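S.K.: The structure is given below, and queries will be raised subsequently.
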Amino acid sequence: MTDSKMARVPIPRGARRRREIAEAAEQVFLDHGFADTTMKMVALAAGASKETLYRHFGSKEDLFLEIVTNRNNEVRQTLDAELDSDRPIPIILRSVGISLLECICSPAVVALARIIVNEAPRHPTLGDAFYAMAPGRTLQKLTRYLMEAKARGEFVGEAPEVAAEIYTGSVVGKFVPLMLFTPHAFTVDRKQIEAHVDEVVRTFSNSYVAKDRTRSSG
C-alpha cells in the first residue's frame, strides 16, 4: 500500500486522539525529561483532561513507551521494505545503513536516547523498547536476510548472525557514543552518513560478499 493510499484511510477518532496526545507528550518529554514531566503537563500540552490521558495511557511510562513505539513504526516500515528487496547485498546494506543512521541521529531520537540512558536503571523497559526500535530489529532482519543470501551463494561468511552484528556495530559505533556523551558538539549530516556507510559497506563486502556481486555496490 502506498503512502498516499494509507493517508486516505480514515483513522478512528479514538486512535487519532491517542496519536495527538502522544505527539504532544513527546515534546513535553524532550523539553523537561522523563522524571520532571507530569501527566498534568502532558494533558495541558495536548488540550486534554487527565481523565482522557489516563483512559488512553495507564501511566507515564506507558505513554513514553507509546512515543518510542511510534518512532519504531516509522523506521520499521523503511527497513523492512529494504531488507525484503532482492537487490544486491551492497546496495541493500547501503540503504539499510543510511536509514538506520538517519533514524538514530535524528534530533528527536537523539534526545529520546539521552533521556532513556538516564532513566534505564530505574525503568529498564524503556531501554529495552528503545533498543528494539531500530538496532535490535535491524539486527534480526539483517541476520535473516544474510541467511537467505548465503543460501543463494551471495553471502560467503560462515555465521550470518555474527556478520550482521559486525555490520550494524560498524554503522552505529562511530556515532552513538558521540551523540550520548558529547551532546554539546554532536552534529551529523547526510554527506557524513553516506561517506561512513559507504566505507563500512566496502569493508563488509570485501569479507562477506561473493566477488562477482561486489561490483554492484556502486
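As shown in the C-alpha cells, the chain order sets the letters A, B, ...; within each chain, residues go from 1, and ligands are also counted from 1 in the order they appear.
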Pull the closest atom pair for each residue of region 120-152 of chain A that gets at most 12 Å from region 195-208 of chain A, along with the distance in Å to one decimal, counting only C-alpha atoms, ordering rows by chain and then ascending residue number, as JSON lines.

M.R.:
```
{"residue": "A:Leu146", "atom": "CA", "partner": "A:Tyr208", "partner_atom": "CA", "distance": 9.7}
{"residue": "A:Met147", "atom": "CA", "partner": "A:Tyr208", "partner_atom": "CA", "distance": 11.9}
{"residue": "A:Ala149", "atom": "CA", "partner": "A:Tyr208", "partner_atom": "CA", "distance": 10.5}
{"residue": "A:Lys150", "atom": "CA", "partner": "A:Tyr208", "partner_atom": "CA", "distance": 9.6}
```

S.K.: Taking only chain A into account, list the residues labelled alpha helix (DSSP H) by DSSP (computed from the backbone), as a PyMOL selection string.

M.R.: chain A and resi 3-8+13-36+39-46+50-56+60-83+89-104+107-119+124-131+137-151+160-173+176-181+190-208

S.K.: Rank nothing, just name the residue among A:Glu61, A:Arg122, A:Tyr145, A:Thr52 nearest to Asp84 (chain A), using only C-alpha atoms.

M.R.: A:Tyr145

S.K.: Between CA of Ile115 (chain A) and CA of Tyr54 (chain A), what is the spacing in Å?

M.R.: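 Calculated distance between CA of Tyr54 (chain A) and CA of Ile115 (chain A) is 22.2 Å.
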
S.K.: Measuring atom to atom with only C-alpha atoms, identify which of A:Asp31, A:Pro107, A:Arg190, A:Phe64 is nearest to Glu119 (chain A).

M.R.: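 Among the listed residues, A:Phe64 lies closest to Glu119 (chain A).
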
S.K.: What does the distance from CA of Glu23 (chain A) to CA of Thr69 (chain A) come to in Å, to one decimal?

M.R.: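 CA of Thr69 (chain A) lies at a distance of 11.8 Å from CA of Glu23 (chain A).
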
S.K.: Extract, using only C-alpha atoms, all DNA, RNA and protein residues at most 8 Å from Ile116 (chain A), discarding same-chain residues fewer than 4 positions from it, and format them as an MDAnalysis selection string.

M.R.: chainID A and resid 112 120 126:127 130

S.K.: Which residues of region 36-142 of chain A come within 8 Å of region 157-175 of chain A, and for each one, what is the closest pair of atoms and their distance in Å to one decimal, counting only C-alpha atoms, sorted by chain and residue number, as CSV?

M.R.:
```
residue,atom,partner,partner_atom,distance
A:Gly97,CA,A:Val171,CA,6.3
A:Leu101,CA,A:Val172,CA,6.6
A:Cys105,CA,A:Phe175,CA,7.7
A:Pro135,CA,A:Thr168,CA,7.2
A:Thr138,CA,A:Thr168,CA,7.9
A:Leu139,CA,A:Ala164,CA,6.0
A:Leu142,CA,A:Ala164,CA,5.9
```

S.K.: Keeping only all heavy atoms, write those residues as an mmCIF file, in the first residue's frame.

M.R.:
```
data_model
loop_
_atom_site.group_PDB
_atom_site.id
_atom_site.type_symbol
_atom_site.label_atom_id
_atom_site.label_comp_id
_atom_site.auth_asym_id
_atom_site.auth_seq_id
_atom_site.Cartn_x
_atom_site.Cartn_y
_atom_site.Cartn_z
ATOM 1 N N GLY A 97 21.981 0.914 6.102
ATOM 2 C CA GLY A 97 22.877 1.685 6.957
ATOM 3 C C GLY A 97 22.510 3.150 7.022
ATOM 4 O O GLY A 97 22.496 3.764 8.103
ATOM 5 N N LEU A 101 21.125 5.070 10.419
ATOM 6 C CA LEU A 101 21.814 6.223 10.997
ATOM 7 C C LEU A 101 20.951 7.476 10.968
ATOM 8 O O LEU A 101 20.972 8.273 11.912
ATOM 9 C CB LEU A 101 23.122 6.475 10.255
ATOM 10 C CG LEU A 101 24.323 5.653 10.721
ATOM 11 C CD1 LEU A 101 25.570 6.045 9.941
ATOM 12 C CD2 LEU A 101 24.562 5.820 12.213
ATOM 13 N N CYS A 105 20.333 9.200 14.446
ATOM 14 C CA CYS A 105 20.959 10.507 14.591
ATOM 15 C C CYS A 105 19.993 11.674 14.435
ATOM 16 O O CYS A 105 20.413 12.830 14.507
ATOM 17 C CB CYS A 105 22.106 10.655 13.586
ATOM 18 S SG CYS A 105 23.478 9.517 13.876
ATOM 19 N N PRO A 135 18.112 -0.660 16.294
ATOM 20 C CA PRO A 135 19.254 -1.591 16.248
ATOM 21 C C PRO A 135 18.854 -3.053 16.398
ATOM 22 O O PRO A 135 19.296 -3.911 15.635
ATOM 23 C CB PRO A 135 20.125 -1.126 17.425
ATOM 24 C CG PRO A 135 19.755 0.293 17.631
ATOM 25 C CD PRO A 135 18.303 0.374 17.317
ATOM 26 N N THR A 138 16.728 -4.254 13.363
ATOM 27 C CA THR A 138 17.570 -4.285 12.179
ATOM 28 C C THR A 138 18.510 -5.484 12.216
ATOM 29 O O THR A 138 18.722 -6.160 11.194
ATOM 30 C CB THR A 138 18.396 -2.989 12.072
ATOM 31 O OG1 THR A 138 17.505 -1.872 12.016
ATOM 32 C CG2 THR A 138 19.263 -2.998 10.827
ATOM 33 N N LEU A 139 19.063 -5.776 13.386
ATOM 34 C CA LEU A 139 19.964 -6.921 13.530
ATOM 35 C C LEU A 139 19.242 -8.227 13.202
ATOM 36 O O LEU A 139 19.774 -9.083 12.477
ATOM 37 C CB LEU A 139 20.515 -6.967 14.953
ATOM 38 C CG LEU A 139 21.491 -8.095 15.279
ATOM 39 C CD1 LEU A 139 22.707 -8.038 14.367
ATOM 40 C CD2 LEU A 139 21.910 -8.019 16.740
ATOM 41 N N LEU A 142 18.417 -8.237 9.399
ATOM 42 C CA LEU A 142 19.623 -8.365 8.587
ATOM 43 C C LEU A 142 20.183 -9.780 8.680
ATOM 44 O O LEU A 142 20.655 -10.336 7.679
ATOM 45 C CB LEU A 142 20.665 -7.341 9.037
ATOM 46 C CG LEU A 142 21.981 -7.336 8.252
ATOM 47 C CD1 LEU A 142 21.732 -7.140 6.761
ATOM 48 C CD2 LEU A 142 22.915 -6.249 8.791
#
```

S.K.: Compile the contact shell of His32 (chain A) as a PyMOL selection string: residues with an atom at most 10 Å away, counting only C-alpha atoms, same-chain residues fewer than 5 positions apart removed.

M.R.: chain A and resi 27+37-38+41+115

S.K.: Within 12 Å of Ala15 (chain A), counting only C-alpha atoms, which residues qualify if same-chain residues fewer than 6 places away don't, as a compact mmCIF listing (two decimals) with C-alpha atoms, in the first residue's frame?

M.R.:
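Below is the file around03.txt, written as the result:
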```txt
# COMPACT_ATOMS: atom_id res chain seq x y z
CA ILE A 21 -1.67 13.11 22.74
CA ALA A 22 1.49 11.08 22.09
CA ARG A 55 -8.02 6.48 29.58
CA HIS A 56 -5.56 6.20 26.70
CA PHE A 57 -2.39 5.57 28.73
```

S.K.: Please report the interatomic distance between CA of Tyr131 (chain A) and CA of Glu26 (chain A) in Å with one decimal.

M.R.: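 According to the coordinates, CA of Tyr131 (chain A) and CA of Glu26 (chain A) are separated by 17.8 Å.
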
S.K.: I'd like to know which of A:Arg17, A:Arg71, A:Arg114, A:Arg94 is closest to Gly33 (chain A), using only C-alpha atoms.

M.R.: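 Ranked by minimum distance to Gly33 (chain A), first place goes to A:Arg114.
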